[in-house]
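Undergrad: Sending over structure_37.tsv (TSV, C-alpha atoms).
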chain	number	residue	atom	x	y	z
A	1	MET	CA	4.15	67.92	1.53
A	2	ALA	CA	4.43	64.19	2.19
A	3	GLU	CA	2.09	61.90	0.24
A	4	THR	CA	0.07	59.42	2.26
A	5	PRO	CA	0.18	55.84	0.88
A	6	THR	CA	-3.08	54.81	-0.71
A	7	PRO	CA	-4.28	51.22	-0.33
A	8	SER	CA	-3.82	49.10	-3.43
A	9	PHE	CA	-6.49	46.64	-4.51
A	10	ASP	CA	-4.41	44.99	-7.20
A	11	TYR	CA	-3.08	42.23	-4.95
A	12	PRO	CA	-4.31	38.65	-5.46
A	13	ILE	CA	-7.15	37.45	-3.29
A	14	PRO	CA	-6.03	35.02	-0.60
A	15	GLY	CA	-6.38	31.50	-2.00
A	16	GLN	CA	-6.41	32.67	-5.61
A	17	GLY	CA	-3.25	30.72	-6.29
A	18	MET	CA	-5.08	27.50	-5.53
A	19	THR	CA	-7.89	28.17	-7.94
A	20	ALA	CA	-8.12	27.89	-11.68
A	21	GLU	CA	-10.84	28.07	-14.24
A	22	VAL	CA	-12.85	24.92	-14.59
A	23	GLY	CA	-11.43	22.90	-17.46
A	24	SER	CA	-8.04	24.52	-17.41
A	25	ARG	CA	-6.45	21.47	-15.75
A	26	PRO	CA	-5.88	18.25	-17.69
A	27	TRP	CA	-7.81	16.13	-15.18
A	28	GLN	CA	-10.83	18.42	-15.50
A	29	ASN	CA	-11.21	17.53	-19.17
A	30	PRO	CA	-12.52	14.30	-20.69
A	31	PRO	CA	-9.82	11.61	-20.41
A	32	GLN	CA	-7.88	10.42	-23.42
A	33	TYR	CA	-8.48	6.73	-22.57
A	34	SER	CA	-11.89	5.99	-21.18
A	35	THR	CA	-11.69	2.20	-20.73
A	36	VAL	CA	-9.27	-0.13	-18.97
A	37	GLU	CA	-8.31	-1.75	-22.26
A	38	GLU	CA	-7.45	1.58	-23.84
A	39	ALA	CA	-5.37	2.52	-20.81
A	40	LEU	CA	-3.53	-0.81	-20.91
A	41	GLU	CA	-2.81	-0.35	-24.59
A	42	PHE	CA	-1.07	2.84	-23.55
A	43	TYR	CA	0.83	1.33	-20.59
A	44	ILE	CA	2.08	-2.04	-21.79
A	45	PRO	CA	4.01	-0.87	-24.87
A	46	ARG	CA	5.55	1.82	-22.69
A	47	LEU	CA	6.67	-0.69	-20.06
A	48	VAL	CA	8.57	-2.74	-22.59
A	49	SER	CA	9.99	0.23	-24.50
A	50	ASP	CA	13.77	0.56	-24.38
A	51	ASP	CA	13.96	3.79	-22.36
A	52	VAL	CA	11.47	2.74	-19.67
A	53	TYR	CA	12.55	-0.92	-19.47
A	54	GLU	CA	16.04	-0.19	-18.14
A	55	ALA	CA	14.74	2.33	-15.61
A	56	LEU	CA	12.19	-0.20	-14.38
A	57	LEU	CA	14.84	-2.85	-13.85
A	58	ASP	CA	17.02	-0.36	-11.96
A	59	SER	CA	14.10	0.56	-9.71
A	60	MET	CA	13.34	-3.09	-9.03
A	61	GLU	CA	16.95	-3.76	-8.13
A	62	LEU	CA	16.85	-0.81	-5.74
A	63	GLY	CA	14.02	-2.54	-3.92
A	64	ILE	CA	11.19	-0.20	-4.80
A	65	PRO	CA	7.94	-2.18	-4.47
A	66	LEU	CA	6.05	-2.82	-7.70
A	67	THR	CA	2.86	-1.47	-6.14
A	68	THR	CA	4.56	1.87	-5.49
A	69	MET	CA	5.83	2.01	-9.05
A	70	ALA	CA	2.42	1.19	-10.50
A	71	ASP	CA	0.72	3.72	-8.24
A	72	SER	CA	3.06	6.54	-9.23
A	73	MET	CA	2.67	5.67	-12.91
A	74	GLN	CA	-1.10	5.76	-12.84
A	75	SER	CA	-1.33	8.91	-10.71
A	76	THR	CA	0.99	10.69	-13.15
A	77	ALA	CA	-1.24	9.62	-16.02
A	78	VAL	CA	-4.29	10.90	-14.14
A	79	MET	CA	-2.59	14.27	-13.67
A	80	GLN	CA	-1.83	14.36	-17.39
A	81	GLY	CA	-5.48	13.70	-18.16
A	82	LEU	CA	-4.80	10.37	-19.87
A	83	HIS	CA	-7.42	8.48	-17.87
A	84	THR	CA	-9.59	8.83	-14.80
A	85	ILE	CA	-8.67	7.64	-11.30
A	86	ASP	CA	-11.22	4.83	-11.62
A	87	VAL	CA	-9.59	3.49	-14.77
A	88	GLY	CA	-6.20	3.91	-13.09
A	89	ILE	CA	-7.24	1.85	-10.07
A	90	LEU	CA	-8.57	-0.87	-12.35
A	91	ALA	CA	-5.44	-0.87	-14.50
A	92	MET	CA	-3.02	-1.02	-11.58
A	93	PRO	CA	-3.21	-4.80	-10.91
A	94	VAL	CA	-2.42	-5.49	-14.57
A	95	ILE	CA	0.50	-3.04	-14.44
A	96	ILE	CA	1.83	-4.70	-11.27
A	97	GLU	CA	1.55	-8.14	-12.84
A	98	MET	CA	3.24	-6.90	-15.99
A	99	LEU	CA	6.07	-5.40	-13.94
A	100	ALA	CA	6.45	-8.72	-12.14
A	101	PHE	CA	6.56	-10.46	-15.51
A	102	ILE	CA	9.33	-8.11	-16.66
A	103	GLY	CA	11.23	-8.72	-13.41
A	104	ASP	CA	10.89	-12.49	-13.73
A	105	ASP	CA	11.92	-12.37	-17.36
A	106	ALA	CA	15.05	-10.40	-16.46
A	107	GLY	CA	15.77	-12.63	-13.45
A	108	ILE	CA	15.59	-9.82	-10.91
A	109	GLU	CA	14.48	-10.25	-7.33
A	110	TYR	CA	11.81	-7.68	-6.65
A	111	THR	CA	9.34	-6.81	-3.92
A	112	MET	CA	5.68	-6.81	-4.81
A	113	GLY	CA	4.56	-4.60	-1.94
A	114	THR	CA	1.52	-6.77	-1.27
A	115	GLU	CA	3.05	-8.55	1.68
A	116	ALA	CA	0.98	-8.89	4.84
A	117	PRO	CA	0.92	-5.69	6.88
A	118	ILE	CA	2.84	-5.55	10.12
A	119	ASP	CA	0.95	-6.97	13.07
A	120	GLU	CA	0.11	-4.00	15.25
A	121	ASP	CA	-0.19	-6.15	18.35
A	122	LYS	CA	3.38	-7.26	18.00
A	123	ILE	CA	5.74	-4.59	19.29
A	124	SER	CA	8.84	-4.20	17.17
A	125	GLU	CA	12.34	-4.42	18.60
A	126	SER	CA	13.05	-0.79	17.65
A	127	LYS	CA	10.02	0.45	19.58
A	128	ILE	CA	11.07	-1.54	22.64
A	129	ALA	CA	14.60	-0.12	22.40
A	130	LEU	CA	13.22	3.42	22.09
A	131	ALA	CA	10.98	2.95	25.12
A	132	MET	CA	13.91	1.56	27.12
A	133	LYS	CA	16.04	4.57	26.16
A	134	ARG	CA	13.33	6.98	27.26
A	135	MET	CA	12.93	5.10	30.50
A	136	ARG	CA	16.66	5.30	31.16
A	137	GLU	CA	16.55	9.05	30.55
A	138	LYS	CA	13.66	9.47	32.94
A	139	LEU	CA	14.94	6.96	35.49
A	140	PRO	CA	17.38	9.23	37.43
A	141	GLU	CA	14.65	11.83	37.87
A	142	ALA	CA	12.17	9.22	38.97
A	143	LEU	CA	14.67	7.71	41.40
A	144	GLU	CA	15.34	11.10	42.96
A	145	GLU	CA	11.63	11.68	43.41
A	146	THR	CA	11.16	8.31	45.08
A	147	LYS	CA	14.19	8.90	47.32
A	148	GLU	CA	12.73	12.18	48.51
A	149	GLU	CA	9.50	10.43	49.29
A	150	GLU	CA	11.20	7.53	51.01
A	151	VAL	CA	13.27	9.69	53.39
A	152	VAL	CA	11.57	9.16	56.71
A	153	GLU	CA	12.70	10.81	59.88
A	154	PRO	CA	14.02	8.27	62.39
A	155	VAL	CA	11.64	7.76	65.22
A	156	GLU	CA	13.26	7.53	68.58
A	157	GLU	CA	11.99	4.62	70.52
A	158	PRO	CA	11.06	5.50	74.06
A	159	GLN	CA	13.58	3.92	76.36
A	160	PRO	CA	12.33	2.25	79.47
A	161	THR	CA	12.88	4.36	82.46
A	162	GLY	CA	11.81	1.96	85.16
A	163	LEU	CA	13.96	0.77	88.08
A	164	MET	CA	14.47	-2.67	86.54
A	165	ALA	CA	15.27	-1.43	83.03
A	166	ARG	CA	18.69	-2.22	81.64
A	167	LYS	CA	20.70	0.60	80.20
A	168	VAL	CA	22.03	-0.21	76.75
B	169	MET	CA	-3.13	2.57	8.64
B	170	ASN	CA	-1.71	3.81	5.37
B	171	VAL	CA	-2.08	1.17	2.68
B	172	ASN	CA	-0.88	1.57	-0.87
B	173	PRO	CA	-3.97	1.73	-3.12
B	174	ALA	CA	-2.17	-0.39	-5.71
B	175	ALA	CA	-1.59	-3.13	-3.16
B	176	LYS	CA	-5.21	-2.95	-2.10
B	177	ALA	CA	-6.46	-3.11	-5.69
B	178	TYR	CA	-4.15	-6.04	-6.43
B	179	THR	CA	-5.09	-8.10	-3.39
B	180	ASN	CA	-8.80	-7.35	-3.67
B	181	LEU	CA	-9.06	-9.04	-7.06
B	182	GLY	CA	-9.29	-12.34	-5.21
B	183	ILE	CA	-7.48	-14.47	-7.76
B	184	THR	CA	-7.06	-18.06	-6.68
B	185	ASP	CA	-5.09	-20.75	-8.43
B	186	GLU	CA	-7.57	-22.73	-10.46
B	187	VAL	CA	-7.53	-26.45	-9.95
B	188	GLU	CA	-9.20	-28.42	-12.70
B	189	ALA	CA	-11.72	-30.87	-11.29
B	190	PRO	CA	-11.34	-34.41	-12.60
B	191	LYS	CA	-14.10	-35.45	-14.97
B	192	LYS	CA	-16.20	-38.36	-13.92
B	193	ALA	CA	-16.22	-40.89	-16.74
B	194	SER	CA	-19.04	-42.96	-15.30
B	195	MET	CA	-21.58	-40.16	-15.62
B	196	GLY	CA	-24.05	-40.59	-18.43
B	197	MET	CA	-23.78	-37.97	-21.11
B	198	GLY	CA	-26.69	-39.14	-23.29
B	199	LEU	CA	-29.65	-37.05	-24.32
B	200	LEU	CA	-31.89	-38.52	-21.64
B	201	SER	CA	-29.35	-38.24	-18.85
B	202	ARG	CA	-29.68	-35.37	-16.47
B	203	ASN	CA	-26.09	-34.37	-16.91
B	204	GLY	CA	-26.30	-34.42	-20.69
B	205	THR	CA	-26.69	-30.71	-21.12
B	206	PRO	CA	-23.71	-28.89	-19.71
B	207	LYS	CA	-24.51	-26.08	-17.37
B	208	VAL	CA	-23.76	-22.74	-18.89
B	209	GLU	CA	-22.25	-20.47	-16.29
B	210	LYS	CA	-23.03	-16.85	-16.72
B	211	LYS	CA	-19.76	-14.99	-16.82
B	212	SER	CA	-19.78	-11.40	-15.79
B	213	ASN	CA	-18.09	-8.94	-18.10
B	214	GLU	CA	-17.56	-6.13	-15.66
B	215	PRO	CA	-14.24	-4.26	-15.88
B	216	LYS	CA	-13.07	-5.85	-12.64
B	217	ASP	CA	-13.73	-9.33	-14.04
B	218	ARG	CA	-11.87	-8.51	-17.22
B	219	VAL	CA	-8.95	-7.19	-15.18
B	220	ARG	CA	-8.98	-10.41	-13.17
B	221	ASP	CA	-8.73	-12.40	-16.41
B	222	TYR	CA	-5.84	-10.26	-17.66
B	223	VAL	CA	-3.96	-10.62	-14.38
B	224	SER	CA	-4.46	-14.38	-14.22
B	225	SER	CA	-3.28	-14.82	-17.81
B	226	ILE	CA	-0.11	-12.78	-17.16
B	227	ARG	CA	0.42	-14.74	-13.94
B	228	LYS	CA	0.25	-18.01	-15.89
B	229	ALA	CA	2.90	-16.68	-18.26
B	230	ARG	CA	5.02	-15.69	-15.24
B	231	LYS	CA	4.75	-19.17	-13.81
B	232	GLN	CA	5.89	-20.62	-17.09
B	233	ILE	CA	8.97	-18.40	-16.95
B	234	THR	CA	9.81	-19.16	-13.33
B	235	ASN	CA	9.23	-22.90	-13.72
B	236	GLY	CA	11.45	-22.96	-16.79
The structure in this file should be written as structure tokens.
TA:
Amino acid sequence: MAETPTPSFDYPIPGQGMTAEVGSRPWQNPPQYSTVEEALEFYIPRLVSDDVYEALLDSMELGIPLTTMADSMQSTAVMQGLHTIDVGILAMPVIIEMLAFIGDDAGIEYTMGTEAPIDEDKISESKIALAMKRMREKLPEALEETKEEEVVEPVEEPQPTGLMARKV
Amino acid sequence: MNVNPAAKAYTNLGITDEVEAPKKASMGMGLLSRNGTPKVEKKSNEPKDRVRDYVSSIRKARKQITNG
């Protein structure tokens, strides 16, 4: 006799993977550094340490903006529970300035990442080129449509049929 | 528009290059003069203000490096 499969209730509840007990994550616990000064005392010696220093210079030479570097550093520290997001946001300008100091000291050309945002009213050359390409793709279809519309049957003009009319 | 929070935090500090105002020598500084007692400006000690001070001091050091 064949056994009928019984439903199992041991499977995880949908969404269970995205949950955890409160306090089990580092950022759910009290931070290690609660003030900006404490956080900076953690960051600045690390920035000038031998292992990080070389990597920072390489990143600057690659053209990674200092703001991006500072942002990734502080968000990593938040995930590790070192400080809160608020302290991270406050510490970021000092980290950026310190990175710029390191770059200047090493004589590297770097990008700050604080340059003025692109003017949205000004259309870039690439966007114009893309629009032109799309237009060219659509143009044959559009021309065919207009040709179909423009085809007009020739209207025969009534020829004069009087006695005095000249035959052409 | 997606703006880097670091860039926003950096630009929102509002640091301007300080220009020292020239002191007027002709002003009376005696006890009876109105300008005798220097005005004490209340300086805020909020974290943002402290960060502004740190950034401006590092920027001064940077300028010293870049200017030789």
Undergrad: Would you mind reading off the distance between atom CA of A:Thr35 and atom CA of B:Ala229, one decimal, in Å?
TA: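 Atom CA of B:Ala229 lies 24.0 Å from atom CA of A:Thr35.
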Undergrad: For a test of reading the model, state the distance in Å between atom CA of B:Ala175 and atom CA of A:Met69, rounded to one decimal.
TA: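 We find that atom CA of B:Ala175 and atom CA of A:Met69 lie 10.8 Å from each other.
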Undergrad: Counting all atoms listed in the file, note down every residue that has an atom within 12 Å of the point (-1.9, -12.9, -18.5) (file coordinates), as a PDB file with C-alpha atoms, in the coordinates of the input.
TA:
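As a result, out32.pdb now contains:
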ATOM      1  CA  PRO A  93      -3.210  -4.800 -10.910  1.00  0.00           C
ATOM      2  CA  VAL A  94      -2.420  -5.490 -14.570  1.00  0.00           C
ATOM      3  CA  ILE A  95       0.500  -3.040 -14.440  1.00  0.00           C
ATOM      4  CA  ILE A  96       1.830  -4.700 -11.270  1.00  0.00           C
ATOM      5  CA  GLU A  97       1.550  -8.140 -12.840  1.00  0.00           C
ATOM      6  CA  MET A  98       3.240  -6.900 -15.990  1.00  0.00           C
ATOM      7  CA  LEU A  99       6.070  -5.400 -13.940  1.00  0.00           C
ATOM      8  CA  ALA A 100       6.450  -8.720 -12.140  1.00  0.00           C
ATOM      9  CA  PHE A 101       6.560 -10.460 -15.510  1.00  0.00           C
TER      10      PHE A 101
ATOM     11  CA  ARG B 218     -11.870  -8.510 -17.220  1.00  0.00           C
ATOM     12  CA  VAL B 219      -8.950  -7.190 -15.180  1.00  0.00           C
ATOM     13  CA  ARG B 220      -8.980 -10.410 -13.170  1.00  0.00           C
ATOM     14  CA  ASP B 221      -8.730 -12.400 -16.410  1.00  0.00           C
ATOM     15  CA  TYR B 222      -5.840 -10.260 -17.660  1.00  0.00           C
ATOM     16  CA  VAL B 223      -3.960 -10.620 -14.380  1.00  0.00           C
ATOM     17  CA  SER B 224      -4.460 -14.380 -14.220  1.00  0.00           C
ATOM     18  CA  SER B 225      -3.280 -14.820 -17.810  1.00  0.00           C
ATOM     19  CA  ILE B 226      -0.110 -12.780 -17.160  1.00  0.00           C
ATOM     20  CA  ARG B 227       0.420 -14.740 -13.940  1.00  0.00           C
ATOM     21  CA  LYS B 228       0.250 -18.010 -15.890  1.00  0.00           C
ATOM     22  CA  ALA B 229       2.900 -16.680 -18.260  1.00  0.00           C
ATOM     23  CA  ARG B 230       5.020 -15.690 -15.240  1.00  0.00           C
ATOM     24  CA  LYS B 231       4.750 -19.170 -13.810  1.00  0.00           C
ATOM     25  CA  GLN B 232       5.890 -20.620 -17.090  1.00  0.00           C
TER      26      GLN B 232
END
Undergrad: Which residues of chain A have any atom within 10 Å of an atom in chain B when counting all atoms listed in the file, and what is the closest pair of atoms for each, with the distance in Å to one decimal? Order the rows by chain and rising number and write it as a Markdown table.
TA:
| residue | atom | partner | partner_atom | distance |
| --- | --- | --- | --- | --- |
| A:Thr35 | CA | B:Pro215 | CA | 8.5 |
| A:Val36 | CA | B:Pro215 | CA | 7.2 |
| A:Glu37 | CA | B:Val219 | CA | 9.0 |
| A:Pro65 | CA | B:Ala175 | CA | 9.7 |
| A:Leu66 | CA | B:Ala174 | CA | 8.8 |
| A:Thr67 | CA | B:Ala174 | CA | 5.2 |
| A:Thr68 | CA | B:Ala174 | CA | 7.1 |
| A:Met69 | CA | B:Ala174 | CA | 9.0 |
| A:Ala70 | CA | B:Ala174 | CA | 6.8 |
| A:Asp71 | CA | B:Ala174 | CA | 5.6 |
| A:Ser72 | CA | B:Ala174 | CA | 9.4 |
| A:Gln74 | CA | B:Ala174 | CA | 9.5 |
| A:Val87 | CA | B:Pro215 | CA | 9.1 |
| A:Gly88 | CA | B:Ala174 | CA | 9.4 |
| A:Ile89 | CA | B:Ala177 | CA | 6.7 |
| A:Leu90 | CA | B:Lys216 | CA | 6.7 |
| A:Ala91 | CA | B:Val219 | CA | 7.3 |
| A:Met92 | CA | B:Ala174 | CA | 6.0 |
| A:Pro93 | CA | B:Tyr178 | CA | 4.7 |
| A:Val94 | CA | B:Val223 | CA | 5.4 |
| A:Ile95 | CA | B:Val223 | CA | 8.8 |
| A:Ile96 | CA | B:Tyr178 | CA | 7.8 |
| A:Glu97 | CA | B:Val223 | CA | 6.2 |
| A:Met98 | CA | B:Ile226 | CA | 6.9 |
| A:Ala100 | CA | B:Arg230 | CA | 7.8 |
| A:Phe101 | CA | B:Arg230 | CA | 5.5 |
| A:Ile102 | CA | B:Arg230 | CA | 8.8 |
| A:Gly103 | CA | B:Arg230 | CA | 9.5 |
| A:Asp104 | CA | B:Thr234 | CA | 6.8 |
| A:Asp105 | CA | B:Ile233 | CA | 6.7 |
| A:Gly107 | CA | B:Thr234 | CA | 8.8 |
| A:Met112 | CA | B:Ala175 | CA | 8.3 |
| A:Gly113 | CA | B:Ala175 | CA | 6.4 |
| A:Thr114 | CA | B:Ala175 | CA | 5.1 |
| A:Glu115 | CA | B:Ala175 | CA | 8.6 |
| A:Pro117 | CA | B:Val171 | CA | 8.6 |
| A:Glu120 | CA | B:Met169 | CA | 9.9 |
Undergrad: Give me, please, the distance in Å between atom CA of A:Pro45 and atom CA of A:Leu82, quoted to one decimal.
TA: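 Atom CA of A:Leu82 lies at a distance of 15.1 Å from atom CA of A:Pro45.
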